[in-house]
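Just below is one structure, and these are the notes that go with it.
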Amino acid sequence: MRLIIPALFALTAPLPALAQGTPPAHCAVGVQFGSYAMGIDRPALERVRTLLGRDRGVLTVEMRRWGREGEMTLCVQLRDPRDARRVFARVKSVLPARPRGPITVETREGLRFETPRPR
């Protein structure tokens, strides 16, 4: 009986929040805002949204909510796919070193940055 109870808890445990917020493959750049049970870093989100709104290379920014505490993913579409590296670097540059919750920036081509850095 001792083995059955832990197995039941393992089967009913929710997926990790960041796994649920992974950007879809069609996003040129994805920015995920996670939480440590106290909400996302809203000032960082606003800085990123402002930056993307002013970038002429950005075609659209779709916001996908996936968590209970404001967790979300921004899915960025670009006018020219070759701008992904530039947009990735710009978004990365406005992120705080110690955000309120984890923030991940990814490109379709495989560039990835996480803050705070995983240990």
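Convention: chains lettered A, B, ... in structure tokens order; per-chain residue numbering from 1; ligands numbered from 1 as shown.
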Near-A:Gln32 list (12 Å; only C-alpha atoms; drop same-chain fewer than 4 positions) as a count of residues only: 41
d(atom CA of A:Val87, atom CA of A:Glu69) in Å: 26.6 Å
Atom CA of A:Gly53 to atom CA of A:Gln77, distance in Å rounded to a single decimal: 11.8 Å
Residues within 7 Å of A:Arg108, only C-alpha atoms, excluding chain neighbours under 3 positions, as a ChimeraX atom specification: /A:25,27-29
Take the selection from the previous step and output its residues with N, CA and C atoms, as a PDB file, in the first residue's frame.
ATOM      1  N   ALA A  25       5.851  26.303 -32.029  1.00  0.00           N
ATOM      2  CA  ALA A  25       6.919  26.267 -33.031  1.00  0.00           C
ATOM      3  C   ALA A  25       6.803  27.403 -34.048  1.00  0.00           C
ATOM      4  N   CYS A  27       6.252  30.540 -33.464  1.00  0.00           N
ATOM      5  CA  CYS A  27       6.716  31.827 -32.937  1.00  0.00           C
ATOM      6  C   CYS A  27       8.168  32.052 -33.352  1.00  0.00           C
ATOM      7  N   ALA A  28       8.442  33.196 -33.957  1.00  0.00           N
ATOM      8  CA  ALA A  28       9.827  33.522 -34.292  1.00  0.00           C
ATOM      9  C   ALA A  28      10.625  33.725 -33.012  1.00  0.00           C
ATOM     10  N   VAL A  29      10.018  34.415 -32.053  1.00  0.00           N
ATOM     11  CA  VAL A  29      10.604  34.626 -30.728  1.00  0.00           C
ATOM     12  C   VAL A  29       9.494  34.416 -29.699  1.00  0.00           C
TER      13      VAL A  29
END
Contacts of A:Asp80 at 10 Å (only C-alpha atoms; same-chain gap of 5+ positions) as a VMD selection string: chain A and resid 28 57 to 59
Please save C-alpha atoms of the selected residues as a short mmCIF file (atom, residue, chain, number, x, y, z; two decimals), in the first residue's frame.
data_model
loop_
_atom_site.label_atom_id
_atom_site.label_comp_id
_atom_site.auth_asym_id
_atom_site.auth_seq_id
_atom_site.Cartn_x
_atom_site.Cartn_y
_atom_site.Cartn_z
CA ALA A 28 9.83 33.52 -34.29
CA GLY A 57 10.46 44.46 -37.47
CA VAL A 58 7.73 43.02 -35.25
CA LEU A 59 4.59 42.02 -37.14
#
Length of the atom CA of A:Arg68 to atom CA of A:Ala97 vector [Å]: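 Computing the Euclidean distance for atom CA of A:Arg68 and atom CA of A:Ala97 yields 23.9 Å.
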Which residue of A:Arg54, A:Arg86, A:Arg47, A:Arg98 approaches A:Leu111 most closely, using only C-alpha atoms: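 Using only C-alpha atoms, A:Leu111 sits closest to A:Arg86.
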Per-residue DSSP, stretch 62-95 of chain A, filtered to helix (DSSP H, G or I), as JSON, numbers by chain: {"A": [81, 82, 83, 84, 85, 86, 87, 88, 89, 90, 91, 92, 93, 94]}
Filtered DSSP result for stretch 34-81 of chain A, state strand (DSSP E or B), as number ranges by chain: A: 58-65, 72-78
What would the file look like if the residues just selected were written as an mmCIF file, in the first residue's frame with C-alpha atoms?
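For reference, selection-v7.cif as written:
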data_model
loop_
_atom_site.group_PDB
_atom_site.id
_atom_site.type_symbol
_atom_site.label_atom_id
_atom_site.label_comp_id
_atom_site.auth_asym_id
_atom_site.auth_seq_id
_atom_site.Cartn_x
_atom_site.Cartn_y
_atom_site.Cartn_z
ATOM 1 C CA VAL A 58 7.728 43.023 -35.252
ATOM 2 C CA LEU A 59 4.594 42.018 -37.140
ATOM 3 C CA THR A 60 2.446 40.750 -34.236
ATOM 4 C CA VAL A 61 2.710 39.867 -30.560
ATOM 5 C CA GLU A 62 0.226 37.305 -29.285
ATOM 6 C CA MET A 63 -0.209 36.921 -25.523
ATOM 7 C CA ARG A 64 -1.086 33.416 -24.286
ATOM 8 C CA ARG A 65 -2.020 33.035 -20.641
ATOM 9 C CA MET A 72 2.060 33.888 -19.897
ATOM 10 C CA THR A 73 3.965 33.527 -23.122
ATOM 11 C CA LEU A 74 4.430 36.259 -25.706
ATOM 12 C CA CYS A 75 4.565 34.807 -29.220
ATOM 13 C CA VAL A 76 6.335 37.248 -31.537
ATOM 14 C CA GLN A 77 5.946 37.136 -35.324
ATOM 15 C CA LEU A 78 8.469 39.106 -37.380
#
Among the residues A:Arg56, A:Arg82, A:His26, A:Arg100, the one that comes closest to A:Met38 [using only C-alpha atoms]: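 When distances to A:Met38 are compared using only C-alpha atoms, the smallest one comes from A:Arg100.
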